[in-house]
Amino acid sequence: MATEQTERRAAAPATTASSASASEKTLLVLEAVLDHPRFSDVVEATGLAKATAHRILATLAESGFITVSPEGTYLPGPKILSLAGRALQRIDISAIAQPFVDDLVDVVHCTVHVGAVNGDEIVYLIRSDSDKPYQMPSRVGHALPLHTSGIGKVVLGGFTDEALERLVARAGLTQRTEHTITTLERLRAEVEDIRRLGYALDREENVPGVVCVAAPIRDHTGTIRYGLSISTLTLEHTLEQVEAMSPLAIETADKISAALGYRA
């Protein structure tokens with residue numbers, strides 16, 4: 001399971017500069033130079049001798065992994081930019097998220113969804129059901145307005161106020177149930193709470209009798225493009241019980257964000 005793999009990695013001793021192999025030292029320098037453009041900062045971040053760091057930086061520059069600016073600072077080179085672009089094209093959020101989702105379902109015994117932004121809607125990419133004798137009225141590929149779902153609302157939490165206003169002007173606030181938010185004023189207040197709390201609630205706003213708590217998933221740039229929700233029936237859980245699962249939703253969403261390359 002993903003959790004067990006994480007624990008094993010955490011238990012493994014960290015590689016130090018003195019014990020690192022040549023390839024490990026190269027990777028240390030490459031990672032450091034992406035965060036620290038100055039030579040002195042790279043040396044400090046890696047713990048390597050200046051001569052060693054300089055030699056590795058020269059090799060990386062010769063091979064196109066980094067470039068040197070006129071000011072003498074280091075920048076990502078064409079080779080690493082090309083590799084990054086190719087890697088991003090092959091990212092499969094569903095495959096990356098599924099092990100974390102399965103772990104969460106085993107803990108909460110509720111349905112867990114992962115959704116992605118598609119224009120002005122959220123599209124479900126994953127629906128993983130629990131051992132309960134019922135299933136949520138949702139399916140992979142189903143699209144929902146951003147303002148009616150927990151996942152959609154955590155995405156809106158990453159919008160600027162101006163972007164939120166443009167969305168409402170463009171797409172409107174379609175009413176799905178009697179609990180759906182249908183005014184810009186209420187949506188603004190909801191988004192402010194989501195930004196403060198770090199999670200969103202669906203209070204039967206999309207489907208009567210269905211509630212959820214959702215948390216944001218960030219891509220490698222820190223942009224909220226996805227979300228994760230824990231969904232259940234009001235016959236099974238109260239809204240307070242669902243909200244109490246918010247730390248689990250946030251923890252799992254953060255793990256998926258990290259797996260996508262986001263570093264807080």
# chains A, B, ... in the order shown; residues from 1 in each chain; ligands from 1
>>> residues_around(residues="range 30-32 of chain A", least_positions_apart="6", cutoff="7 Å", atoms="only C-alpha atoms", output="ChimeraX atom specification")
/A:42,45-46
>>> select_by_dssp(residues="range 130-176 of chain A", states="alpha helix (DSSP H)", output="list in words")
Gly150, Ile151, Gly152, Lys153, Val154, Val155, Leu156, Asp161, Glu162, Ala163, Leu164, Glu165, Arg166, Leu167, Val168, Ala169, Arg170 and Ala171 of chain A
>>> write_last_selection(atoms="N, CA and C atoms", output="compact mmCIF listing (two decimals), in the first residue's frame")
# COMPACT_ATOMS: atom_id res chain seq x y z
N GLY A 150 -18.57 19.73 -3.55
CA GLY A 150 -17.46 20.00 -2.65
C GLY A 150 -16.15 20.15 -3.39
N ILE A 151 -15.89 19.26 -4.35
CA ILE A 151 -14.65 19.35 -5.13
C ILE A 151 -14.61 20.66 -5.91
N GLY A 152 -15.72 21.01 -6.53
CA GLY A 152 -15.77 22.26 -7.28
C GLY A 152 -15.51 23.47 -6.41
N LYS A 153 -16.03 23.43 -5.19
CA LYS A 153 -15.87 24.59 -4.31
C LYS A 153 -14.44 24.72 -3.78
N VAL A 154 -13.73 23.61 -3.57
CA VAL A 154 -12.33 23.76 -3.15
C VAL A 154 -11.49 24.33 -4.30
N VAL A 155 -11.87 24.00 -5.53
CA VAL A 155 -11.21 24.62 -6.68
C VAL A 155 -11.48 26.11 -6.70
N LEU A 156 -12.72 26.51 -6.42
CA LEU A 156 -13.06 27.93 -6.37
C LEU A 156 -12.29 28.64 -5.27
N ASP A 161 -10.89 36.86 -6.42
CA ASP A 161 -12.24 37.41 -6.36
C ASP A 161 -12.73 37.80 -7.76
N GLU A 162 -11.81 38.35 -8.56
CA GLU A 162 -12.18 38.76 -9.91
C GLU A 162 -12.53 37.55 -10.78
N ALA A 163 -11.76 36.47 -10.65
CA ALA A 163 -12.04 35.25 -11.42
C ALA A 163 -13.37 34.64 -11.00
N LEU A 164 -13.68 34.72 -9.72
CA LEU A 164 -14.96 34.21 -9.22
C LEU A 164 -16.13 34.99 -9.83
N GLU A 165 -15.99 36.29 -9.89
CA GLU A 165 -17.03 37.13 -10.48
C GLU A 165 -17.21 36.83 -11.96
N ARG A 166 -16.10 36.63 -12.66
CA ARG A 166 -16.18 36.32 -14.09
C ARG A 166 -16.86 34.99 -14.33
N LEU A 167 -16.58 34.00 -13.46
CA LEU A 167 -17.22 32.70 -13.58
C LEU A 167 -18.73 32.82 -13.44
N VAL A 168 -19.17 33.54 -12.42
CA VAL A 168 -20.60 33.69 -12.17
C VAL A 168 -21.27 34.42 -13.34
N ALA A 169 -20.61 35.45 -13.84
CA ALA A 169 -21.17 36.20 -14.97
C ALA A 169 -21.25 35.33 -16.22
N ARG A 170 -20.28 34.45 -16.38
CA ARG A 170 -20.20 33.62 -17.59
C ARG A 170 -21.10 32.39 -17.52
N ALA A 171 -21.04 31.68 -16.39
CA ALA A 171 -21.72 30.38 -16.29
C ALA A 171 -22.99 30.41 -15.47
>>> residues_around(residues="Ile217 in chain A", least_positions_apart="4", cutoff="10 Å", atoms="only C-alpha atoms", output="PyMOL selection string")
chain A and resi 97+114-116+151+154-155+222-228+250+252-258+260+262
>>> write_last_selection(atoms="N, CA and C atoms", output="short mmCIF file (atom, residue, chain, number, x, y, z; two decimals), in the first residue's frame")
data_model
loop_
_atom_site.label_atom_id
_atom_site.label_comp_id
_atom_site.auth_asym_id
_atom_site.auth_seq_id
_atom_site.Cartn_x
_atom_site.Cartn_y
_atom_site.Cartn_z
N ALA A 97 -3.36 8.89 -8.05
CA ALA A 97 -4.21 9.09 -6.87
C ALA A 97 -4.85 7.81 -6.35
N VAL A 114 -12.31 11.67 -6.83
CA VAL A 114 -11.31 12.65 -7.27
C VAL A 114 -11.83 13.26 -8.56
N GLY A 115 -11.81 14.60 -8.63
CA GLY A 115 -12.29 15.29 -9.81
C GLY A 115 -11.29 16.30 -10.31
N ALA A 116 -11.44 16.68 -11.57
CA ALA A 116 -10.54 17.64 -12.21
C ALA A 116 -11.35 18.76 -12.84
N ILE A 151 -15.89 19.26 -4.35
CA ILE A 151 -14.65 19.35 -5.13
C ILE A 151 -14.61 20.66 -5.91
N VAL A 154 -13.73 23.61 -3.57
CA VAL A 154 -12.33 23.76 -3.15
C VAL A 154 -11.49 24.33 -4.30
N VAL A 155 -11.87 24.00 -5.53
CA VAL A 155 -11.21 24.62 -6.68
C VAL A 155 -11.48 26.11 -6.70
N GLY A 222 1.46 24.36 -7.77
CA GLY A 222 0.70 24.85 -6.63
C GLY A 222 -0.71 25.26 -6.98
N THR A 223 -1.08 25.14 -8.25
CA THR A 223 -2.43 25.50 -8.69
C THR A 223 -3.42 24.39 -8.32
N ILE A 224 -4.59 24.78 -7.82
CA ILE A 224 -5.62 23.80 -7.47
C ILE A 224 -6.38 23.43 -8.74
N ARG A 225 -6.05 22.28 -9.29
CA ARG A 225 -6.70 21.81 -10.51
C ARG A 225 -7.58 20.59 -10.25
N TYR A 226 -7.43 20.00 -9.08
CA TYR A 226 -8.15 18.79 -8.74
C TYR A 226 -8.70 18.92 -7.32
N GLY A 227 -9.54 17.97 -6.96
CA GLY A 227 -10.04 17.91 -5.59
C GLY A 227 -10.41 16.48 -5.24
N LEU A 228 -10.46 16.23 -3.94
CA LEU A 228 -10.84 14.92 -3.42
C LEU A 228 -12.00 15.10 -2.45
N ILE A 250 -8.00 16.18 3.85
CA ILE A 250 -6.87 17.08 3.61
C ILE A 250 -5.56 16.30 3.55
N THR A 252 -5.01 13.16 2.74
CA THR A 252 -4.91 12.36 1.51
C THR A 252 -4.70 13.25 0.30
N ALA A 253 -5.43 14.37 0.24
CA ALA A 253 -5.25 15.31 -0.88
C ALA A 253 -3.83 15.85 -0.90
N ASP A 254 -3.27 16.12 0.26
CA ASP A 254 -1.88 16.61 0.32
C ASP A 254 -0.90 15.55 -0.17
N LYS A 255 -1.15 14.29 0.14
CA LYS A 255 -0.28 13.22 -0.33
C LYS A 255 -0.31 13.13 -1.86
N ILE A 256 -1.50 13.28 -2.42
CA ILE A 256 -1.62 13.23 -3.88
C ILE A 256 -0.93 14.45 -4.50
N SER A 257 -1.09 15.62 -3.88
CA SER A 257 -0.40 16.83 -4.36
C SER A 257 1.10 16.61 -4.38
N ALA A 258 1.63 16.03 -3.31
CA ALA A 258 3.07 15.76 -3.24
C ALA A 258 3.50 14.79 -4.33
N LEU A 260 2.21 14.55 -7.17
CA LEU A 260 2.16 15.29 -8.43
C LEU A 260 3.30 16.29 -8.56
N TYR A 262 4.03 18.76 -6.09
CA TYR A 262 3.87 20.01 -5.34
C TYR A 262 4.66 19.94 -4.05
#
>>> atom_distance(atom1="CA of His54 in chain A", atom2="CA of Phe39 in chain A")
7.9 Å
>>> closest_residue(among="A:Asp219, A:Leu144, A:Glu240, A:Pro137", to="Tyr124 in chain A", atoms="only C-alpha atoms")
A:Leu144
>>> residues_around(residues="Leu235 in chain A", least_positions_apart="2", cutoff="9 Å", atoms="only C-alpha atoms", output="number ranges by chain")
A: 209-210, 232-233, 237-238
>>> select_by_dssp(residues="range 69-244 of chain A", states="strand (DSSP E or B)", output="NGL selection string")
:A and (74-76 or 111-118 or 121-128 or 143-145 or 200-203 or 210-218 or 224-233)
